[in-house]
>>> print(open('protein-v6.cif').read())   # mmCIF, C-alpha atoms and all ligand atoms
data_query
#
loop_
_atom_site.label_atom_id
_atom_site.label_comp_id
_atom_site.auth_asym_id
_atom_site.auth_seq_id
_atom_site.Cartn_x
_atom_site.Cartn_y
_atom_site.Cartn_z
CA MET A 230 -107.13 -3.88 -46.19
CA ILE A 231 -105.97 -7.36 -47.25
CA PRO A 232 -104.71 -7.33 -50.86
CA ALA A 233 -106.81 -9.41 -53.33
CA ASP A 234 -104.06 -12.00 -53.84
CA ALA A 235 -103.72 -12.56 -50.10
CA ALA A 236 -107.50 -12.88 -49.66
CA ALA A 237 -107.72 -15.55 -52.38
CA MET A 238 -104.73 -17.36 -50.90
CA GLU A 239 -106.19 -17.31 -47.38
CA ALA A 240 -109.48 -18.74 -48.66
CA SER A 241 -107.66 -21.69 -50.20
CA LEU A 242 -105.61 -22.22 -47.03
CA ILE A 243 -108.79 -22.32 -44.95
CA ALA A 244 -110.36 -24.80 -47.39
CA ALA A 245 -107.28 -27.05 -47.15
CA ALA A 246 -106.93 -26.76 -43.37
CA GLY A 247 -108.20 -30.28 -42.67
CA ALA A 248 -105.67 -31.91 -44.98
CA ASP A 249 -102.09 -32.52 -43.90
CA ILE A 250 -100.53 -31.59 -47.22
CA ARG A 251 -96.98 -32.13 -45.95
CA LEU A 252 -97.49 -35.91 -46.15
CA PRO A 253 -98.18 -36.16 -49.91
CA LEU A 254 -95.81 -33.23 -50.46
CA PHE A 255 -92.80 -34.94 -48.88
CA GLU A 256 -93.64 -38.28 -50.52
CA ARG A 257 -93.64 -36.53 -53.85
CA PHE A 258 -90.47 -34.58 -53.11
CA PHE A 259 -88.56 -37.74 -52.12
CA ALA A 260 -89.89 -39.59 -55.16
CA ALA A 261 -88.39 -36.83 -57.32
CA PHE A 262 -85.12 -36.54 -55.31
CA PRO A 263 -84.63 -39.90 -53.55
CA GLU A 264 -80.99 -39.19 -52.67
CA ARG A 265 -82.12 -36.24 -50.52
CA ARG A 266 -84.04 -38.33 -47.98
CA ALA A 267 -80.83 -39.13 -46.11
CA SER A 268 -80.26 -35.40 -45.40
CA PHE A 269 -83.26 -35.41 -43.04
CA ILE A 270 -82.76 -36.48 -39.43
CA SER A 271 -86.46 -36.08 -38.66
CA VAL A 272 -88.78 -35.90 -41.65
CA ASP A 273 -91.72 -35.53 -39.29
CA ALA A 274 -90.32 -32.43 -37.57
CA ALA A 275 -88.77 -30.81 -40.64
CA SER A 276 -91.76 -31.45 -42.90
CA ARG A 277 -94.06 -29.48 -40.59
CA ARG A 278 -91.76 -26.47 -40.52
CA MET A 279 -90.71 -26.56 -44.17
CA THR A 280 -94.30 -26.78 -45.37
CA ASP A 281 -95.64 -24.10 -43.01
CA GLU A 282 -92.79 -21.69 -43.62
CA THR A 283 -92.96 -22.05 -47.40
CA LEU A 284 -96.70 -21.25 -47.33
CA ASP A 285 -96.11 -18.41 -44.83
CA MET A 286 -93.42 -16.82 -46.97
CA MET A 287 -95.62 -16.79 -50.07
CA LEU A 288 -98.55 -15.35 -48.12
CA GLY A 289 -96.19 -12.81 -46.52
CA LEU A 290 -95.04 -11.72 -49.97
CA ALA A 291 -98.67 -11.29 -51.05
CA LYS A 292 -99.19 -9.01 -48.05
CA GLY A 293 -95.98 -7.05 -48.66
CA GLU A 294 -94.53 -8.17 -45.30
CA GLY A 295 -91.01 -6.93 -44.57
CA TRP A 296 -90.00 -10.04 -42.60
CA VAL A 297 -89.96 -12.28 -45.67
CA TRP A 298 -86.60 -11.12 -47.04
CA PRO A 299 -84.62 -11.55 -43.77
CA LEU A 300 -86.27 -14.94 -43.22
CA VAL A 301 -85.32 -16.06 -46.73
CA THR A 302 -81.70 -15.00 -46.19
CA GLU A 303 -81.64 -16.99 -42.94
CA LEU A 304 -83.23 -20.01 -44.61
CA VAL A 305 -80.63 -20.01 -47.37
CA PHE A 306 -77.79 -19.66 -44.87
CA THR A 307 -78.97 -22.39 -42.46
CA HIS A 308 -79.69 -24.78 -45.32
CA ARG A 309 -75.99 -24.80 -46.17
CA SER A 310 -75.70 -27.41 -43.40
CA TYR A 311 -77.73 -29.84 -45.50
CA GLY A 312 -75.26 -29.87 -48.39
CA ALA A 313 -75.11 -28.16 -51.74
CA LEU A 314 -78.82 -27.94 -52.49
CA PRO A 315 -79.43 -27.34 -56.19
CA ILE A 316 -81.69 -24.40 -56.94
CA ALA A 317 -83.91 -26.82 -58.91
CA GLU A 318 -84.80 -28.53 -55.61
CA TYR A 319 -85.97 -25.27 -54.08
CA ASP A 320 -88.03 -24.55 -57.21
CA ALA A 321 -89.53 -28.05 -57.18
CA PHE A 322 -90.34 -27.90 -53.46
CA ILE A 323 -92.15 -24.58 -53.85
CA ASP A 324 -94.07 -25.74 -56.96
CA MET A 325 -95.06 -29.02 -55.30
CA THR A 326 -96.22 -27.15 -52.18
CA VAL A 327 -98.56 -24.99 -54.28
CA ASP A 328 -99.77 -27.98 -56.27
CA GLU A 329 -100.56 -30.07 -53.17
CA LEU A 330 -102.36 -27.13 -51.61
CA GLY A 331 -104.45 -26.87 -54.78
CA LYS A 332 -105.44 -30.54 -54.57
CA ALA A 333 -106.49 -30.10 -50.93
CA ALA A 334 -108.36 -26.83 -51.45
CA GLY A 335 -111.03 -28.39 -53.70
CA THR A 336 -113.55 -25.86 -55.00
CA GLU A 337 -111.64 -22.98 -53.34
CA TRP A 338 -108.84 -23.56 -55.86
CA THR A 339 -110.18 -20.74 -57.99
CA VAL A 340 -108.45 -19.16 -60.97
CA GLU A 341 -107.64 -16.20 -58.70
CA ALA A 342 -106.18 -18.38 -55.94
CA LYS A 343 -104.10 -20.43 -58.34
CA SER A 344 -102.62 -17.42 -60.10
CA ALA A 345 -101.99 -15.59 -56.81
CA TRP A 346 -100.05 -18.55 -55.38
CA GLN A 347 -98.15 -18.89 -58.65
CA ARG A 348 -97.17 -15.22 -58.63
CA HIS A 349 -95.82 -15.35 -55.11
CA ALA A 350 -94.18 -18.74 -55.65
CA ASP A 351 -92.23 -17.13 -58.49
CA ALA A 352 -91.37 -14.15 -56.26
CA LEU A 353 -90.12 -16.52 -53.53
CA LYS A 354 -87.97 -18.42 -56.03
CA ALA A 355 -86.45 -15.12 -57.19
CA MET A 356 -85.75 -14.09 -53.57
CA ILE A 357 -84.00 -17.40 -52.85
CA ARG A 358 -81.79 -16.85 -55.90
CA LYS A 359 -81.00 -13.29 -54.75
CA ALA A 360 -80.16 -14.46 -51.21
CA ARG A 361 -77.85 -17.20 -52.52
CA LYS A 362 -76.06 -14.68 -54.73
CA GLU A 363 -75.70 -12.12 -51.94
CA TRP A 364 -74.34 -14.66 -49.46
CA LYS A 365 -71.88 -15.80 -52.09
CA SER A 366 -70.53 -12.30 -52.65
CA ALA A 367 -70.69 -11.24 -48.98
CA MET A 368 -69.05 -14.39 -47.58
CA PRO A 369 -67.26 -16.24 -50.37
CA ALA A 370 -65.57 -18.62 -47.92
CA GLY A 371 -68.51 -19.39 -45.68
CA ALA A 372 -71.42 -19.06 -48.06
CA PRO A 373 -73.76 -21.92 -48.83
CA GLN A 374 -72.31 -24.18 -51.49
CA LEU A 375 -74.21 -23.55 -54.68
CA ALA A 376 -74.77 -26.57 -56.86
CA GLU A 377 -75.89 -24.83 -60.03
C1 LIG A 401 -88.80 -22.44 -49.48
C2 LIG A 401 -88.25 -23.59 -49.21
C3 LIG A 401 -87.86 -24.11 -47.85
C4 LIG A 401 -88.19 -23.70 -46.58
C5 LIG A 401 -89.07 -22.52 -46.18
C6 LIG A 401 -87.53 -24.58 -45.64
C7 LIG A 401 -87.61 -24.49 -44.26
C8 LIG A 401 -87.02 -25.36 -43.38
C9 LIG A 401 -87.12 -25.30 -41.94
C10 LIG A 401 -87.88 -24.23 -41.18
C11 LIG A 401 -86.42 -26.33 -41.44
C12 LIG A 401 -86.29 -26.71 -39.97
C13 LIG A 401 -85.01 -26.18 -39.40
C14 LIG A 401 -84.91 -26.48 -37.92
O1 LIG A 401 -85.87 -26.90 -37.30
O2 LIG A 401 -83.79 -26.31 -37.42
C15 LIG A 401 -85.85 -27.06 -42.54
C16 LIG A 401 -85.06 -28.16 -42.41
C17 LIG A 401 -84.50 -28.84 -43.47
N1 LIG A 401 -84.64 -28.53 -44.82
FE1 LIG A 401 -85.74 -27.05 -45.59
N2 LIG A 401 -86.81 -25.52 -46.35
C18 LIG A 401 -87.00 -25.26 -47.70
C19 LIG A 401 -86.47 -25.94 -48.77
C20 LIG A 401 -85.67 -27.04 -48.67
C21 LIG A 401 -85.17 -27.80 -49.78
C22 LIG A 401 -85.43 -27.51 -51.26
C23 LIG A 401 -84.44 -28.81 -49.27
C24 LIG A 401 -83.74 -29.85 -50.08
C25 LIG A 401 -83.84 -31.06 -49.84
C26 LIG A 401 -84.47 -28.70 -47.81
C27 LIG A 401 -83.84 -29.52 -46.91
C28 LIG A 401 -83.93 -29.46 -45.55
C29 LIG A 401 -83.29 -30.39 -44.64
C30 LIG A 401 -82.40 -31.57 -45.06
C31 LIG A 401 -83.64 -30.01 -43.34
C32 LIG A 401 -83.20 -30.65 -42.02
C33 LIG A 401 -84.10 -31.75 -41.64
C34 LIG A 401 -83.65 -32.56 -40.44
O3 LIG A 401 -82.64 -32.24 -39.80
O4 LIG A 401 -84.35 -33.51 -40.17
N3 LIG A 401 -85.23 -27.61 -47.49
N4 LIG A 401 -86.23 -26.45 -43.72
#
>>> encode(input="protein-v6.cif", output="structure tokens")
Amino acid sequence: MIPADAAAMEASLIAAAGADIRLPLFERFFAAFPERRASFISVDAASRRMTDETLDMMLGLAKGEGWVWPLVTELVFTHRSYGALPIAEYDAFIDMTVDELGKAAGTEWTVEAKSAWQRHADALKAMIRKARKEWKSAMPAGAPQLAE
């Protein structure tokens, strides 16, 4: 059985399917963090994957999927190549992703959907913090640089 949070989240994803939310999402992200644009070699390629994977991870958390944690640890480790990304940028990217989805979902952006996305956005933020901490203690020399 699909948990209630995941069902509400899937309904809003289906409602937003026709909208390419990565376009307004990345515009908004770069407006908030203009100095970060230069870190992207291909905004077109990265924006597809970053948007999809962020949504997937939150939905995976709502479904209790075991692959989310290893994927988050990998994400945190590979993102070290893009510089010392402040945790505030991860938080902002996740919040903006949920907000842009809400705009695109229209009438499917129900109270249930909004609070389900918010719950799993917060869980994802907590997991990213945990992964950063664990990499730092497991590999002090090679861990992602933490700009906190
Ligand atoms: C939950 C949050 C995030 C997820 C799931 C995510 C996921 C991804 C994925 C899947 C890629 C593509 C990697 C590849 O194709 O090799 C990527 C690339 C990238 N991400 Fe993220 N990302 C997240 C947050 C962030 C944040 C907050 C920043 C800060 C600016 C960031 C900066 C980048 C950069 C600079 C690239 C490389 C783009 C390029 O080479 O053109 N990401 N991300």
>>> closest_residue(input="protein-v6.cif", among="A:Gly247, A:Pro263, A:Pro253, A:Gly293", to="ligand LIG 401 (chain A)", atoms="only C-alpha atoms and all ligand atoms")
A:Pro263
>>> residues_near_ligand(input="protein-v6.cif", ligand="ligand LIG 401 (chain A)", cutoff="8 Å", atoms="all atoms listed in the file", output="mmCIF file with C-alpha atoms, in the frame of the given file")
data_model
loop_
_atom_site.group_PDB
_atom_site.id
_atom_site.type_symbol
_atom_site.label_atom_id
_atom_site.label_comp_id
_atom_site.auth_asym_id
_atom_site.auth_seq_id
_atom_site.Cartn_x
_atom_site.Cartn_y
_atom_site.Cartn_z
ATOM 1 C CA PHE A 262 -85.120 -36.540 -55.310
ATOM 2 C CA ARG A 265 -82.120 -36.240 -50.520
ATOM 3 C CA ARG A 266 -84.040 -38.330 -47.980
ATOM 4 C CA ALA A 267 -80.830 -39.130 -46.110
ATOM 5 C CA SER A 268 -80.260 -35.400 -45.400
ATOM 6 C CA PHE A 269 -83.260 -35.410 -43.040
ATOM 7 C CA ILE A 270 -82.760 -36.480 -39.430
ATOM 8 C CA SER A 271 -86.460 -36.080 -38.660
ATOM 9 C CA VAL A 272 -88.780 -35.900 -41.650
ATOM 10 C CA ASP A 273 -91.720 -35.530 -39.290
ATOM 11 C CA ALA A 274 -90.320 -32.430 -37.570
ATOM 12 C CA ALA A 275 -88.770 -30.810 -40.640
ATOM 13 C CA SER A 276 -91.760 -31.450 -42.900
ATOM 14 C CA ARG A 278 -91.760 -26.470 -40.520
ATOM 15 C CA MET A 279 -90.710 -26.560 -44.170
ATOM 16 C CA THR A 280 -94.300 -26.780 -45.370
ATOM 17 C CA ASP A 281 -95.640 -24.100 -43.010
ATOM 18 C CA GLU A 282 -92.790 -21.690 -43.620
ATOM 19 C CA THR A 283 -92.960 -22.050 -47.400
ATOM 20 C CA LEU A 284 -96.700 -21.250 -47.330
ATOM 21 C CA MET A 286 -93.420 -16.820 -46.970
ATOM 22 C CA VAL A 301 -85.320 -16.060 -46.730
ATOM 23 C CA LEU A 304 -83.230 -20.010 -44.610
ATOM 24 C CA THR A 307 -78.970 -22.390 -42.460
ATOM 25 C CA HIS A 308 -79.690 -24.780 -45.320
ATOM 26 C CA TYR A 311 -77.730 -29.840 -45.500
ATOM 27 C CA LEU A 314 -78.820 -27.940 -52.490
ATOM 28 C CA PRO A 315 -79.430 -27.340 -56.190
ATOM 29 C CA ILE A 316 -81.690 -24.400 -56.940
ATOM 30 C CA ALA A 317 -83.910 -26.820 -58.910
ATOM 31 C CA GLU A 318 -84.800 -28.530 -55.610
ATOM 32 C CA TYR A 319 -85.970 -25.270 -54.080
ATOM 33 C CA ASP A 320 -88.030 -24.550 -57.210
ATOM 34 C CA ALA A 321 -89.530 -28.050 -57.180
ATOM 35 C CA PHE A 322 -90.340 -27.900 -53.460
ATOM 36 C CA ILE A 323 -92.150 -24.580 -53.850
ATOM 37 C CA LEU A 353 -90.120 -16.520 -53.530
ATOM 38 C CA LYS A 354 -87.970 -18.420 -56.030
ATOM 39 C CA ILE A 357 -84.000 -17.400 -52.850
#
>>> residues_around(input="protein-v6.cif", residues="A:Ala246", least_positions_apart="5", cutoff="10 Å", atoms="all atoms listed in the file", output="mmCIF file with C-alpha atoms, in the coordinates of the input")
data_model
loop_
_atom_site.group_PDB
_atom_site.id
_atom_site.type_symbol
_atom_site.label_atom_id
_atom_site.label_comp_id
_atom_site.auth_asym_id
_atom_site.auth_seq_id
_atom_site.Cartn_x
_atom_site.Cartn_y
_atom_site.Cartn_z
ATOM 1 C CA ALA A 240 -109.480 -18.740 -48.660
ATOM 2 C CA SER A 241 -107.660 -21.690 -50.200
ATOM 3 C CA LEU A 330 -102.360 -27.130 -51.610
ATOM 4 C CA ALA A 333 -106.490 -30.100 -50.930
ATOM 5 C CA ALA A 334 -108.360 -26.830 -51.450
#
>>> atom_distance(input="protein-v6.cif", atom1="atom CA of A:Trp296", atom2="atom CA of A:Lys362")
19.1 Å
>>> atom_distance(input="protein-v6.cif", atom1="atom CA of A:Ser310", atom2="atom CA of A:Arg361")
13.9 Å
>>> atom_distance(input="protein-v6.cif", atom1="atom CA of A:Glu337", atom2="atom CA of A:Ala244")
6.4 Å
>>> build_atoms(input="protein-v6.cif", residues="stretch 276-295 of chain A", atoms="N, CA, C and O atoms", output="compact mmCIF listing (two decimals), in the frame of the given file")
# COMPACT_ATOMS: atom_id res chain seq x y z
N SER A 276 -90.71 -31.63 -41.89
CA SER A 276 -91.76 -31.45 -42.90
C SER A 276 -92.83 -30.48 -42.43
O SER A 276 -93.40 -29.73 -43.22
N ARG A 277 -93.09 -30.45 -41.11
CA ARG A 277 -94.06 -29.48 -40.59
C ARG A 277 -93.55 -28.08 -40.82
O ARG A 277 -94.25 -27.21 -41.34
N ARG A 278 -92.29 -27.83 -40.42
CA ARG A 278 -91.76 -26.47 -40.52
C ARG A 278 -91.52 -26.06 -41.97
O ARG A 278 -91.82 -24.93 -42.36
N MET A 279 -90.98 -26.96 -42.77
CA MET A 279 -90.71 -26.56 -44.17
C MET A 279 -91.99 -26.22 -44.90
O MET A 279 -92.06 -25.24 -45.65
N THR A 280 -93.03 -27.03 -44.68
CA THR A 280 -94.30 -26.78 -45.37
C THR A 280 -94.92 -25.48 -44.89
O THR A 280 -95.30 -24.61 -45.69
N ASP A 281 -95.01 -25.31 -43.56
CA ASP A 281 -95.64 -24.10 -43.01
C ASP A 281 -94.88 -22.84 -43.42
O ASP A 281 -95.48 -21.84 -43.79
N GLU A 282 -93.55 -22.90 -43.32
CA GLU A 282 -92.79 -21.69 -43.62
C GLU A 282 -92.83 -21.33 -45.10
O GLU A 282 -92.82 -20.16 -45.47
N THR A 283 -92.88 -22.35 -45.95
CA THR A 283 -92.96 -22.05 -47.40
C THR A 283 -94.30 -21.36 -47.70
O THR A 283 -94.35 -20.34 -48.41
N LEU A 284 -95.38 -21.89 -47.13
CA LEU A 284 -96.70 -21.25 -47.33
C LEU A 284 -96.71 -19.84 -46.72
O LEU A 284 -97.19 -18.89 -47.36
N ASP A 285 -96.15 -19.71 -45.52
CA ASP A 285 -96.11 -18.41 -44.83
C ASP A 285 -95.36 -17.35 -45.63
O ASP A 285 -95.75 -16.20 -45.69
N MET A 286 -94.24 -17.78 -46.20
CA MET A 286 -93.42 -16.82 -46.97
C MET A 286 -94.18 -16.31 -48.19
O MET A 286 -94.14 -15.13 -48.51
N MET A 287 -94.87 -17.22 -48.88
CA MET A 287 -95.62 -16.79 -50.07
C MET A 287 -96.77 -15.86 -49.67
O MET A 287 -97.00 -14.83 -50.31
N LEU A 288 -97.46 -16.21 -48.59
CA LEU A 288 -98.55 -15.35 -48.12
C LEU A 288 -97.99 -14.01 -47.65
O LEU A 288 -98.58 -12.95 -47.91
N GLY A 289 -96.85 -14.05 -46.97
CA GLY A 289 -96.19 -12.81 -46.52
C GLY A 289 -95.83 -11.91 -47.70
O GLY A 289 -96.01 -10.69 -47.64
N LEU A 290 -95.37 -12.52 -48.78
CA LEU A 290 -95.04 -11.72 -49.97
C LEU A 290 -96.31 -11.08 -50.54
O LEU A 290 -96.29 -9.91 -50.94
N ALA A 291 -97.40 -11.84 -50.53
CA ALA A 291 -98.67 -11.29 -51.05
C ALA A 291 -99.15 -10.11 -50.22
O ALA A 291 -99.84 -9.23 -50.72
N LYS A 292 -98.77 -10.10 -48.94
CA LYS A 292 -99.19 -9.01 -48.05
C LYS A 292 -98.14 -7.90 -47.96
O LYS A 292 -98.32 -6.95 -47.19
N GLY A 293 -97.04 -8.07 -48.69
CA GLY A 293 -95.98 -7.05 -48.66
C GLY A 293 -95.26 -7.00 -47.32
O GLY A 293 -94.76 -5.94 -46.92
N GLU A 294 -95.17 -8.15 -46.63
CA GLU A 294 -94.53 -8.17 -45.30
C GLU A 294 -93.01 -8.04 -45.40
O GLU A 294 -92.36 -8.75 -46.19
N GLY A 295 -92.46 -7.18 -44.55
CA GLY A 295 -91.01 -6.93 -44.57
C GLY A 295 -90.18 -8.05 -43.98
O GLY A 295 -88.97 -8.08 -44.19
